[in-house]
>>> print(open('input.cif').read())   # mmCIF, C-alpha atoms
data_start
#
loop_
_atom_site.label_atom_id
_atom_site.label_comp_id
_atom_site.auth_asym_id
_atom_site.auth_seq_id
_atom_site.Cartn_x
_atom_site.Cartn_y
_atom_site.Cartn_z
CA MET F 30 -29.13 -1.31 -25.23
CA LYS F 31 -27.27 -3.86 -27.29
CA ASN F 32 -30.10 -4.04 -29.81
CA THR F 33 -30.38 -0.28 -29.96
CA VAL F 34 -26.71 0.02 -30.75
CA ARG F 35 -26.91 -2.66 -33.39
CA LYS F 36 -29.83 -0.83 -34.95
CA MET F 37 -27.86 2.39 -34.87
CA LEU F 38 -24.99 0.67 -36.60
CA GLU F 39 -27.29 -0.72 -39.25
CA ASN F 40 -29.06 2.52 -39.91
CA ASN F 41 -26.12 4.80 -39.57
CA LEU F 42 -28.25 7.07 -37.45
CA PHE F 43 -26.01 7.47 -34.45
CA LYS F 44 -26.36 11.14 -34.04
CA ALA F 45 -30.13 11.31 -34.37
CA LEU F 46 -30.55 8.45 -31.92
CA PHE F 47 -28.00 9.66 -29.43
CA ASP F 48 -29.81 12.98 -29.38
CA VAL F 49 -33.06 11.45 -28.21
CA ILE F 50 -31.49 9.45 -25.40
CA PRO F 51 -32.13 11.55 -22.28
CA PHE F 52 -28.55 11.27 -20.95
CA GLY F 53 -25.27 12.87 -21.87
CA ILE F 54 -23.38 10.85 -24.48
CA TYR F 55 -19.92 11.37 -25.93
CA VAL F 56 -17.95 9.39 -28.48
CA VAL F 57 -14.16 9.21 -28.44
CA ASP F 58 -11.62 8.04 -31.01
CA VAL F 59 -9.86 5.20 -29.16
CA GLU F 60 -6.58 5.85 -30.98
CA ASN F 61 -6.02 9.44 -29.90
CA PHE F 62 -8.72 10.25 -27.29
CA ASP F 63 -10.21 12.96 -29.54
CA ILE F 64 -13.89 13.58 -28.95
CA VAL F 65 -15.68 12.69 -32.19
CA TYR F 66 -19.19 13.52 -31.12
CA MET F 67 -21.27 14.74 -28.20
CA ASN F 68 -25.04 14.52 -28.08
CA LYS F 69 -27.21 17.59 -27.62
CA LEU F 70 -27.74 17.08 -23.91
CA MET F 71 -24.02 16.67 -23.26
CA ILE F 72 -23.23 19.85 -25.21
CA GLU F 73 -25.91 21.73 -23.28
CA LYS F 74 -24.43 20.57 -20.00
CA ARG F 75 -20.73 20.88 -20.66
CA GLY F 76 -20.22 22.80 -23.90
CA ASP F 77 -19.03 21.50 -27.26
CA TYR F 78 -15.68 19.75 -26.87
CA THR F 79 -15.68 18.05 -30.27
CA GLY F 80 -12.09 17.70 -31.50
CA ARG F 81 -10.60 18.00 -28.01
CA LYS F 82 -9.13 15.27 -25.81
CA CYS F 83 -11.72 13.60 -23.59
CA TYR F 84 -9.47 13.40 -20.52
CA GLU F 85 -8.64 17.12 -20.71
CA SER F 86 -11.98 18.62 -21.61
CA ILE F 87 -14.39 16.34 -19.76
CA TYR F 88 -12.29 15.16 -16.82
CA GLY F 89 -9.72 17.91 -16.33
CA GLU F 90 -6.78 15.48 -16.45
CA GLU F 91 -3.42 16.13 -18.07
CA LYS F 92 -3.09 12.54 -19.26
CA PRO F 93 -5.58 9.74 -20.03
CA CYS F 94 -7.71 8.95 -16.98
CA TYR F 95 -6.51 6.18 -14.66
CA PHE F 96 -9.97 4.63 -14.80
CA CYS F 97 -10.14 4.53 -18.62
CA LYS F 98 -11.87 1.27 -19.59
CA THR F 99 -11.14 1.31 -23.33
CA PRO F 100 -8.61 -1.59 -23.18
CA LEU F 101 -11.34 -3.80 -21.72
CA LEU F 102 -13.62 -3.10 -24.65
CA LEU F 103 -11.23 -4.22 -27.38
CA SER F 104 -10.21 -7.69 -28.48
CA PRO F 105 -6.49 -8.55 -28.69
CA ASP F 106 -6.47 -7.57 -32.38
CA SER F 107 -7.87 -4.13 -31.41
CA ARG F 108 -11.40 -4.73 -32.67
CA PRO F 109 -14.51 -3.93 -30.61
CA ASN F 110 -15.14 -7.02 -28.47
CA GLU F 111 -18.88 -6.40 -28.26
CA SER F 112 -18.86 -6.12 -24.51
CA THR F 113 -20.50 -3.26 -22.64
CA ILE F 114 -19.00 -2.04 -19.42
CA VAL F 115 -20.86 -0.18 -16.67
CA PHE F 116 -19.12 1.62 -13.82
CA GLU F 117 -19.42 4.60 -11.49
CA ILE F 118 -17.14 7.58 -11.60
CA TYR F 119 -16.80 10.89 -9.84
CA ASN F 120 -16.04 13.77 -12.20
CA ALA F 121 -13.99 16.44 -10.42
CA VAL F 122 -14.64 19.06 -13.12
CA ASP F 123 -18.41 19.35 -12.68
CA ASP F 124 -18.38 17.77 -9.18
CA ASN F 125 -20.91 15.10 -10.12
CA TRP F 126 -21.19 11.34 -9.87
CA TYR F 127 -21.99 9.37 -13.01
CA GLN F 128 -22.73 5.84 -13.96
CA LEU F 129 -20.94 5.35 -17.27
CA GLN F 130 -22.02 2.76 -19.79
CA GLU F 131 -19.36 2.26 -22.44
CA LYS F 132 -18.86 0.23 -25.57
CA CYS F 133 -16.54 0.28 -28.57
CA LEU F 134 -17.81 0.29 -32.14
CA THR F 135 -16.91 1.40 -35.64
CA TRP F 136 -18.01 4.94 -36.44
CA PRO F 137 -19.62 5.60 -39.86
CA ASP F 138 -16.36 7.11 -41.12
CA GLY F 139 -14.54 3.88 -40.24
CA ARG F 140 -12.80 5.09 -37.10
CA LEU F 141 -12.68 2.88 -34.03
CA VAL F 142 -14.54 4.72 -31.29
CA LYS F 143 -15.92 4.27 -27.81
CA TYR F 144 -19.22 5.77 -26.78
CA SER F 145 -20.01 6.64 -23.16
CA ILE F 146 -23.50 7.20 -21.81
CA ALA F 147 -23.31 9.20 -18.59
CA VAL F 148 -26.19 8.87 -16.14
CA GLY F 149 -26.13 11.27 -13.20
CA ILE F 150 -26.30 9.36 -9.90
CA ASN F 151 -25.70 12.05 -7.29
CA GLU F 152 -28.74 11.13 -5.22
CA LEU F 153 -27.81 7.47 -5.05
CA LYS F 154 -24.28 8.48 -4.05
CA ALA F 155 -25.50 10.87 -1.38
CA THR F 156 -27.36 7.99 0.26
CA GLN F 157 -24.35 5.66 -0.01
CA ASN F 158 -22.19 8.42 1.42
CA ARG F 159 -24.35 8.83 4.48
CA LEU F 160 -23.99 5.11 5.08
CA ALA F 161 -20.21 5.28 4.60
CA GLU F 162 -19.91 8.18 7.03
CA ALA F 163 -21.92 6.17 9.56
CA HIS F 164 -19.48 3.29 9.08
CA ALA F 165 -16.59 5.67 9.67
CA ILE F 166 -18.07 7.03 12.89
CA LEU F 167 -18.70 3.50 14.12
CA ALA F 168 -15.15 2.42 13.26
CA LEU F 169 -13.70 5.43 15.08
CA LYS F 170 -15.83 4.70 18.14
CA ASN F 171 -14.65 1.08 18.09
CA LYS F 172 -11.05 2.26 18.00
CA GLU F 173 -11.65 4.54 20.97
CA LEU F 174 -13.29 1.70 22.90
CA GLU F 175 -10.43 -0.63 22.07
CA LYS F 176 -7.97 1.95 23.31
CA LEU F 177 -9.94 2.47 26.51
CA SER F 178 -10.05 -1.24 27.21
CA THR F 179 -6.33 -1.74 26.66
CA THR F 180 -4.89 1.44 28.20
CA ASP F 181 -4.20 2.42 31.78
CA ARG F 182 -6.14 5.64 32.27
CA LEU F 183 -3.65 7.33 34.59
CA THR F 184 -0.38 6.65 32.76
CA ASN F 185 -1.63 6.01 29.20
CA LEU F 186 0.56 2.91 29.09
CA ASN F 187 -0.81 -0.50 28.11
CA ASN F 188 -2.83 -2.03 30.89
CA ARG F 189 -2.14 -5.46 32.34
CA LEU F 190 -4.71 -7.16 30.11
CA LYS F 191 -3.10 -5.79 26.95
CA LEU F 192 0.41 -6.64 28.08
CA GLU F 193 -0.52 -10.23 28.86
CA GLU F 194 -1.71 -10.48 25.26
CA ILE F 195 1.49 -8.86 23.93
CA LEU F 196 3.66 -11.08 26.11
CA SER F 197 2.01 -14.23 24.80
CA GLN F 198 2.50 -13.05 21.17
CA GLU F 199 6.12 -12.11 21.76
CA LEU F 200 6.88 -15.41 23.50
CA GLU F 201 5.54 -17.19 20.46
CA LYS F 202 7.83 -15.12 18.20
CA THR F 203 10.78 -15.89 20.45
CA GLY F 204 10.03 -19.58 20.00
CA GLN F 205 10.11 -19.08 16.23
CA ASN F 206 13.10 -16.78 15.73
CA GLY F 207 15.19 -18.24 18.57
CA LYS F 208 16.16 -14.78 19.81
CA ASP F 209 16.15 -13.79 23.46
CA MET F 210 13.50 -11.51 24.90
CA ALA F 211 13.94 -9.50 28.08
CA VAL F 212 11.27 -8.72 30.66
CA LEU F 213 11.76 -6.01 33.28
CA LEU F 214 9.53 -5.63 36.30
CA LEU F 215 9.93 -2.21 37.93
CA ASP F 216 8.63 -1.19 41.33
CA ILE F 217 8.86 2.32 42.79
CA ASP F 218 10.71 2.21 46.11
CA HIS F 219 8.79 3.34 49.18
CA PHE F 220 5.84 4.49 47.13
CA LYS F 221 3.48 4.11 50.08
CA LYS F 222 5.45 6.84 51.81
CA VAL F 223 4.81 9.22 48.87
CA ASN F 224 1.07 8.66 49.16
CA ASP F 225 1.10 8.94 52.92
CA THR F 226 3.25 12.08 52.99
CA TYR F 227 1.96 14.04 50.00
CA GLY F 228 -1.45 12.53 49.28
CA HIS F 229 -2.78 10.47 46.38
CA GLN F 230 -2.77 13.30 43.86
CA VAL F 231 0.99 13.67 44.15
CA GLY F 232 1.25 9.87 44.12
CA ASP F 233 -0.66 9.83 40.82
CA SER F 234 1.57 12.49 39.29
CA VAL F 235 4.67 10.48 40.30
CA LEU F 236 3.18 7.44 38.55
CA SER F 237 2.53 9.51 35.42
CA GLU F 238 6.02 10.98 35.38
CA PHE F 239 7.52 7.56 36.02
CA ALA F 240 5.55 6.15 33.07
CA ARG F 241 6.72 9.02 30.85
CA LEU F 242 10.37 8.30 31.74
CA ILE F 243 9.93 4.65 30.79
CA LEU F 244 8.24 5.58 27.51
CA ASP F 245 11.03 8.00 26.65
CA SER F 246 13.68 5.35 27.36
CA ILE F 247 12.35 2.30 25.52
CA ARG F 248 12.83 1.54 21.84
CA LYS F 249 9.98 1.62 19.31
CA VAL F 250 9.78 -2.18 19.38
CA ASP F 251 9.51 -2.43 23.18
CA TYR F 252 6.30 -2.45 25.20
CA ALA F 253 5.60 -0.77 28.52
CA SER F 254 2.65 -1.33 30.80
CA ARG F 255 1.36 -0.47 34.21
CA TRP F 256 1.30 -3.86 35.84
CA GLY F 257 -0.32 -2.95 39.13
CA GLY F 258 -0.30 -0.11 41.69
CA GLU F 259 3.30 1.12 41.44
CA GLU F 260 4.60 -1.80 39.37
CA PHE F 261 5.51 -1.47 35.72
CA LEU F 262 6.40 -4.18 33.21
CA VAL F 263 8.60 -3.64 30.16
CA VAL F 264 8.94 -6.23 27.38
CA CYS F 265 11.97 -5.94 25.08
CA PRO F 266 11.80 -8.33 22.10
CA GLU F 267 15.03 -9.56 20.51
CA THR F 268 17.20 -8.41 23.39
CA ASP F 269 19.97 -10.44 25.01
CA ILE F 270 21.12 -10.48 28.59
CA LYS F 271 23.98 -8.05 28.11
CA SER F 272 22.06 -5.25 26.43
CA SER F 273 18.99 -5.69 28.64
CA MET F 274 21.18 -5.45 31.73
CA SER F 275 22.71 -2.18 30.54
CA PHE F 276 19.27 -0.86 29.53
CA ALA F 277 17.87 -1.71 32.98
CA GLU F 278 20.82 0.00 34.67
CA ASP F 279 20.38 3.09 32.46
CA LEU F 280 16.68 3.24 33.24
CA ARG F 281 17.33 2.88 36.97
CA GLY F 282 19.82 5.76 36.76
CA ILE F 283 17.46 7.98 34.72
CA ILE F 284 14.75 7.55 37.34
CA GLN F 285 17.10 8.12 40.25
CA HIS F 286 18.36 11.38 38.76
CA HIS F 287 15.06 12.74 37.49
CA PRO F 288 13.70 15.67 39.54
CA PHE F 289 10.13 14.51 40.17
CA THR F 290 7.55 17.24 40.85
CA THR F 291 7.01 17.86 44.58
CA VAL F 292 8.76 14.69 45.81
CA ASN F 293 12.03 15.38 44.00
CA GLN F 294 13.85 12.07 44.18
CA ILE F 295 12.35 8.67 43.53
CA THR F 296 14.17 5.38 43.06
CA CYS F 297 13.02 2.06 41.76
CA SER F 298 13.99 -1.58 41.97
CA ILE F 299 14.11 -3.67 38.83
CA GLY F 300 13.77 -7.42 38.37
CA LEU F 301 15.14 -8.61 35.04
CA THR F 302 14.82 -11.92 33.28
CA ILE F 303 15.47 -13.38 29.84
CA SER F 304 13.15 -15.77 28.02
CA ARG F 305 13.90 -19.49 28.21
CA ASP F 306 12.72 -22.46 26.18
CA GLY F 307 9.24 -23.51 27.22
CA ASP F 308 8.46 -20.21 28.94
CA ASP F 309 4.88 -19.06 29.24
CA GLU F 310 3.58 -15.75 30.61
CA ASN F 311 3.46 -17.06 34.15
CA SER F 312 6.93 -18.57 34.24
CA ILE F 313 8.69 -15.53 32.77
CA ILE F 314 6.84 -13.05 34.98
CA GLY F 315 7.40 -15.32 37.96
CA ARG F 316 11.18 -15.03 37.45
CA ALA F 317 11.00 -11.25 36.95
CA ASP F 318 9.05 -11.06 40.18
CA LYS F 319 11.62 -13.17 41.97
CA ALA F 320 14.42 -10.92 40.67
CA LEU F 321 12.49 -7.86 41.80
CA TYR F 322 12.11 -9.35 45.27
CA LYS F 323 15.86 -9.92 45.32
CA ALA F 324 16.47 -6.28 44.37
CA LYS F 325 14.23 -5.13 47.20
CA GLN F 326 15.93 -7.48 49.65
CA ASN F 327 19.37 -6.29 48.60
CA GLY F 328 18.64 -2.70 49.45
CA ARG F 329 16.43 -1.31 46.63
CA ASN F 330 17.44 1.10 43.82
CA ARG F 331 19.15 -1.76 42.01
CA VAL F 332 18.74 -4.30 39.23
CA GLU F 333 18.74 -8.04 39.85
CA ILE F 334 18.57 -10.90 37.38
CA GLU F 335 16.85 -14.23 37.74
CA MET X 28 -12.93 28.15 16.90
CA LYS X 29 -9.52 29.30 15.83
CA ALA X 30 -8.69 29.43 12.13
CA LEU X 31 -7.23 26.03 11.28
CA ARG X 32 -4.07 25.64 9.21
CA VAL X 33 -5.00 23.10 6.55
CA LEU X 34 -2.85 21.07 4.15
CA ILE X 35 -4.77 19.82 1.11
CA VAL X 36 -3.55 16.66 -0.63
CA ASP X 37 -5.19 15.58 -3.88
CA ASP X 38 -3.77 14.57 -7.24
CA SER X 39 -6.55 16.43 -9.06
CA LYS X 40 -5.71 20.10 -9.39
CA ILE X 41 -9.37 20.89 -9.87
CA THR X 42 -10.25 19.25 -6.56
CA VAL X 43 -7.37 21.04 -4.82
CA LYS X 44 -8.74 24.34 -6.10
CA ARG X 45 -12.32 23.51 -5.13
CA LEU X 46 -11.31 22.34 -1.65
CA SER X 47 -9.06 25.37 -1.14
CA ASP X 48 -11.97 27.69 -1.87
CA MET X 49 -14.23 25.78 0.50
CA VAL X 50 -11.65 25.79 3.30
CA LYS X 51 -11.08 29.54 2.89
CA ASN X 52 -14.81 30.27 2.79
CA ALA X 53 -15.17 28.27 5.99
CA GLY X 54 -12.83 30.76 7.66
CA HIS X 55 -9.73 28.55 7.74
CA ASN X 56 -6.32 28.85 6.10
CA VAL X 57 -4.82 26.66 3.40
CA VAL X 58 -1.15 26.61 4.43
CA SER X 59 -0.12 24.38 1.57
CA THR X 60 -1.32 21.95 -1.07
CA ALA X 61 0.26 18.78 -2.47
CA THR X 62 -0.63 16.79 -5.56
CA SER X 63 1.10 13.56 -4.50
CA GLY X 64 1.79 11.52 -1.40
CA MET X 65 5.51 12.25 -1.56
CA LEU X 66 4.92 16.00 -1.78
CA ALA X 67 2.46 15.74 1.10
CA LEU X 68 5.22 14.40 3.36
CA THR X 69 7.61 17.26 2.59
CA GLU X 70 4.87 19.89 2.81
CA TYR X 71 3.73 18.50 6.16
CA GLU X 72 7.24 18.74 7.56
CA LYS X 73 7.55 22.28 6.26
CA CYS X 74 4.21 23.71 7.40
CA LYS X 75 3.14 21.57 10.36
CA PRO X 76 -0.57 22.03 9.60
CA ASP X 77 -3.34 21.53 12.16
CA ILE X 78 -5.19 19.15 9.88
CA VAL X 79 -4.73 17.41 6.52
CA THR X 80 -7.35 16.62 3.90
CA MET X 81 -6.15 13.50 2.09
CA ASP X 82 -7.34 12.08 -1.21
CA ILE X 83 -7.44 8.29 -0.97
CA THR X 84 -6.85 7.52 -4.66
CA MET X 85 -3.54 8.85 -5.89
CA PRO X 86 -0.94 7.33 -8.20
CA ASP X 87 2.37 6.08 -6.70
CA MET X 88 1.72 6.55 -2.98
CA ASP X 89 -1.99 6.43 -2.18
CA GLY X 90 -3.78 8.28 0.62
CA LEU X 91 -3.72 5.29 2.99
CA GLU X 92 0.03 4.85 2.71
CA THR X 93 0.67 8.59 2.93
CA THR X 94 -1.46 8.79 6.07
CA LYS X 95 0.47 5.93 7.69
CA LYS X 96 3.78 7.65 6.85
CA LEU X 97 2.57 11.00 8.23
CA ILE X 98 1.45 9.37 11.47
CA GLU X 99 4.75 7.56 11.74
CA TYR X 100 6.47 10.95 11.43
CA ASP X 101 4.05 12.71 13.79
CA PRO X 102 1.63 10.52 15.76
CA ASN X 103 -0.64 13.52 16.33
CA THR X 104 -1.24 14.09 12.61
CA LEU X 105 -4.92 14.72 11.98
CA VAL X 106 -6.07 13.36 8.65
CA VAL X 107 -9.52 13.64 7.13
CA MET X 108 -9.79 11.13 4.30
CA MET X 109 -11.45 12.53 1.19
CA THR X 110 -12.64 9.80 -1.06
CA SER X 111 -14.95 8.64 -3.76
CA HIS X 112 -15.31 5.21 -2.16
CA SER X 113 -18.30 4.43 -0.03
CA GLN X 114 -17.62 0.71 0.46
CA GLU X 115 -17.42 -0.26 4.10
CA GLN X 116 -14.03 -1.94 3.70
CA MET X 117 -12.47 1.21 2.26
CA VAL X 118 -13.85 3.20 5.18
CA LEU X 119 -12.40 0.72 7.66
CA ASP X 120 -9.03 0.72 5.88
CA ALA X 121 -8.91 4.51 6.13
CA ILE X 122 -9.68 4.46 9.86
CA GLU X 123 -7.15 1.66 10.36
CA ALA X 124 -4.53 3.76 8.55
CA GLY X 125 -5.17 6.44 11.16
CA ALA X 126 -7.68 8.81 9.55
CA LYS X 127 -9.81 10.63 12.11
CA GLY X 128 -12.48 11.80 9.68
CA TYR X 129 -14.06 10.59 6.47
CA LEU X 130 -15.68 12.66 3.73
CA LEU X 131 -17.05 11.57 0.41
CA LYS X 132 -17.13 13.25 -2.96
CA PRO X 133 -18.82 15.40 -4.03
CA PHE X 134 -17.79 17.60 -1.14
CA ASP X 135 -20.40 19.75 0.43
CA ALA X 136 -18.91 22.99 1.79
CA GLY X 137 -21.04 22.81 4.93
CA ARG X 138 -20.08 19.20 5.68
CA LEU X 139 -16.41 19.93 5.05
CA LYS X 140 -16.45 22.77 7.57
CA VAL X 141 -18.24 20.63 10.17
CA VAL X 142 -15.95 17.61 9.71
CA LEU X 143 -12.74 19.70 9.81
CA GLU X 144 -13.79 21.55 12.94
CA GLU X 145 -15.25 18.54 14.75
CA THR X 146 -12.21 16.41 13.99
CA TYR X 147 -9.87 19.10 15.25
CA GLU X 148 -11.89 19.72 18.41
CA LYS X 149 -12.20 16.04 19.18
CA TYR X 150 -8.73 14.80 18.35
CA GLY X 151 -6.59 17.87 17.88
CA GLU X 152 -6.34 20.16 20.85
CA LYS X 153 -6.02 17.61 23.60
CA ASN X 154 -3.25 15.81 21.74
CA ALA X 155 -1.36 19.01 20.99
#
>>> encode(input="input.cif", output="structure tokens")
Amino acid sequence: MKNTVRKMLENNLFKALFDVIPFGIYVVDVENFDIVYMNKLMIEKRGDYTGRKCYESIYGEEKPCYFCKTPLLLSPDSRPNESTIVFEIYNAVDDNWYQLQEKCLTWPDGRLVKYSIAVGINELKATQNRLAEAHAILALKNKELEKLSTTDRLTNLNNRLKLEEILSQELEKTGQNGKDMAVLLLDIDHFKKVNDTYGHQVGDSVLSEFARLILDSIRKVDYASRWGGEEFLVVCPETDIKSSMSFAEDLRGIIQHHPFTTVNQITCSIGLTISRDGDDENSIIGRADKALYKAKQNGRNRVEIE
Amino acid sequence: MKALRVLIVDDSKITVKRLSDMVKNAGHNVVSTATSGMLALTEYEKCKPDIVTMDITMPDMDGLETTKKLIEYDPNTLVVMMTSHSQEQMVLDAIEAGAKGYLLKPFDAGRLKVVLEETYEKYGEKNA
């Protein structure tokens, strides 16, 4: 191509040569984006836009195209830098993909211009697109699988596996930022009675409603999970003892006063603890568990701290 | 299949027009169009569409960022990313941003209809 162009320059036969190249070619004044020339094929395909702005007539843009490569084809003193650039572009006006080959040169009348050879590549793109769509389907499936493996099916909360991972990350952050983190372990009081009296279906709906109440009460930065049967764990990053205590009390009250379907009233006991230096998942959950045990021992429907 | 209420987001007016025609011919309704990410946010709030077609390459706020903002505002937002990029990483970025469908230019009217309807059936109704 380089030699061809040089030959064209030497012979001043741009137009004749451009006409025999079997691809659309247009030439643009780099100063003002005016189309200086279009070869026969390009005119046949798109119409004669000579004298009009390239970005408007060819690409349907109101201002120069964001992908315009002209600056890359000029040297710092605004002379053609002899480089040729090749890239792919989708043209919204005729809804086609092109590979554009562009270079700057001096037009016979002395103007600095850029020529663009446009090769249609729709078929190549169609193949690439099928591959991309396959990638997208695969990525979506992966996301669904990830969600399935980290979510409790009944309540839609994080499952225990996911929360253990979150807890370990949050403990690490606590070590770095020095701020307290609160962990609440909630257990529905006398849940066995619900199952025994009303059956497992009602039991399941109580668990779902309970989970919904927790979700509606926590902040965006908090995490809730179903920890086991009727046990739920809530992690509140950057939360001190005072505010976590009042949050736990509020949550206990919300649950106590919520009219649950069929069973009406449900209460829960809450074990609360705050992160300490050197805590790991086991030590912090161990304390929450101890606090929960205390709450149960002290009559249920209450919050205890350990 | 009910007629879907579609919001079209693309900085190219020509593409907006072309997509609008395709959506209408597919038996769905274009409830609004937006030519920038910012406008998309306000139009979404105004019209609460069933599904959004989102151009990935836009000046100022691109399609990925706009999608993230929409999902932040409404976690059930259904976005089909419309793009001229077929690189795997761009696809993954779009899915990571929360897009539930991916379509490449040039848009084929048949594919557009299928992707809009499949995406809505799969992710739309049960989340609604």
>>> resolve_selection(input="input.cif", expression="the PyMOL selection byres ((chain F) within 6 of (chain X))", output="PyMOL selection string")
chain F and resi 124+158+161+165
>>> residues_around(input="input.cif", residues="Cys74 in chain X", least_positions_apart="5", cutoff="10 Å", atoms="all atoms listed in the file", output="list in words")
Arg32, Val33, Leu34, Val58, Ser59 and Thr69 of chain X
>>> resolve_selection(input="input.cif", expression="the PyMOL selection byres ((chain F and resi 297-303) around 6)", output="MDAnalysis selection string")
chainID F and resid 210:218 296 304 317 320:321 324 329:335
>>> residues_around(input="input.cif", residues="Asn125 in chain F", least_positions_apart="3", cutoff="9 Å", atoms="only C-alpha atoms", output="VMD selection string")
(chain F and resid 118 to 122 149 to 151) or (chain X and resid 132 to 133)
>>> resolve_selection(input="input.cif", expression="the PyMOL selection byres ((chain F and resi 227-242) around 9)", output="compact mmCIF listing (two decimals) with C-alpha atoms, in the coordinates of the input")
# COMPACT_ATOMS: atom_id res chain seq x y z
CA LEU F 183 -3.65 7.33 34.59
CA THR F 184 -0.38 6.65 32.76
CA ASN F 185 -1.63 6.01 29.20
CA LEU F 186 0.56 2.91 29.09
CA ILE F 217 8.86 2.32 42.79
CA PHE F 220 5.84 4.49 47.13
CA LYS F 221 3.48 4.11 50.08
CA LYS F 222 5.45 6.84 51.81
CA VAL F 223 4.81 9.22 48.87
CA ASN F 224 1.07 8.66 49.16
CA ASP F 225 1.10 8.94 52.92
CA THR F 226 3.25 12.08 52.99
CA ILE F 243 9.93 4.65 30.79
CA LEU F 244 8.24 5.58 27.51
CA ASP F 245 11.03 8.00 26.65
CA SER F 246 13.68 5.35 27.36
CA ILE F 247 12.35 2.30 25.52
CA ALA F 253 5.60 -0.77 28.52
CA SER F 254 2.65 -1.33 30.80
CA ARG F 255 1.36 -0.47 34.21
CA GLY F 258 -0.30 -0.11 41.69
CA GLU F 259 3.30 1.12 41.44
CA PHE F 261 5.51 -1.47 35.72
CA LEU F 280 16.68 3.24 33.24
CA ILE F 283 17.46 7.98 34.72
CA ILE F 284 14.75 7.55 37.34
CA HIS F 287 15.06 12.74 37.49
CA PHE F 289 10.13 14.51 40.17
CA THR F 290 7.55 17.24 40.85
CA THR F 291 7.01 17.86 44.58
CA VAL F 292 8.76 14.69 45.81
CA ILE F 295 12.35 8.67 43.53
>>> residues_near_point(input="input.cif", point="(5.5, 14.5, 10.9)", cutoff="8 Å", atoms="only C-alpha atoms", output="PyMOL selection string")
chain X and resi 68+71-72+75+97-102+104
>>> build_atoms(input="input.cif", residues="range 68-78 of chain X", atoms="N, CA, C and O atoms", output="short mmCIF file (atom, residue, chain, number, x, y, z; two decimals), in the frame of the given file")
data_model
loop_
_atom_site.label_atom_id
_atom_site.label_comp_id
_atom_site.auth_asym_id
_atom_site.auth_seq_id
_atom_site.Cartn_x
_atom_site.Cartn_y
_atom_site.Cartn_z
N LEU X 68 4.30 14.61 2.24
CA LEU X 68 5.22 14.40 3.36
C LEU X 68 6.13 15.61 3.55
O LEU X 68 6.31 16.09 4.68
N THR X 69 6.69 16.12 2.45
CA THR X 69 7.61 17.26 2.59
C THR X 69 6.85 18.52 3.00
O THR X 69 7.32 19.30 3.82
N GLU X 70 5.65 18.69 2.44
CA GLU X 70 4.87 19.89 2.81
C GLU X 70 4.45 19.83 4.27
O GLU X 70 4.42 20.85 4.96
N TYR X 71 4.13 18.64 4.75
CA TYR X 71 3.73 18.50 6.16
C TYR X 71 4.87 18.92 7.07
O TYR X 71 4.69 19.67 8.02
N GLU X 72 6.06 18.40 6.75
CA GLU X 72 7.24 18.74 7.56
C GLU X 72 7.48 20.24 7.56
O GLU X 72 7.83 20.82 8.59
N LYS X 73 7.29 20.84 6.40
CA LYS X 73 7.55 22.28 6.26
C LYS X 73 6.53 23.12 7.03
O LYS X 73 6.90 24.05 7.73
N CYS X 74 5.23 22.79 6.88
CA CYS X 74 4.21 23.71 7.40
C CYS X 74 3.58 23.28 8.71
O CYS X 74 2.88 24.08 9.32
N LYS X 75 3.76 22.05 9.12
CA LYS X 75 3.14 21.57 10.36
C LYS X 75 1.68 22.03 10.49
O LYS X 75 1.32 22.80 11.38
N PRO X 76 0.83 21.57 9.57
CA PRO X 76 -0.57 22.03 9.60
C PRO X 76 -1.34 21.46 10.79
O PRO X 76 -0.89 20.49 11.41
N ASP X 77 -2.49 22.07 11.10
CA ASP X 77 -3.34 21.53 12.16
C ASP X 77 -4.07 20.28 11.69
O ASP X 77 -4.36 19.38 12.47
N ILE X 78 -4.37 20.26 10.40
CA ILE X 78 -5.19 19.15 9.88
C ILE X 78 -4.90 18.97 8.39
O ILE X 78 -4.54 19.92 7.70
#
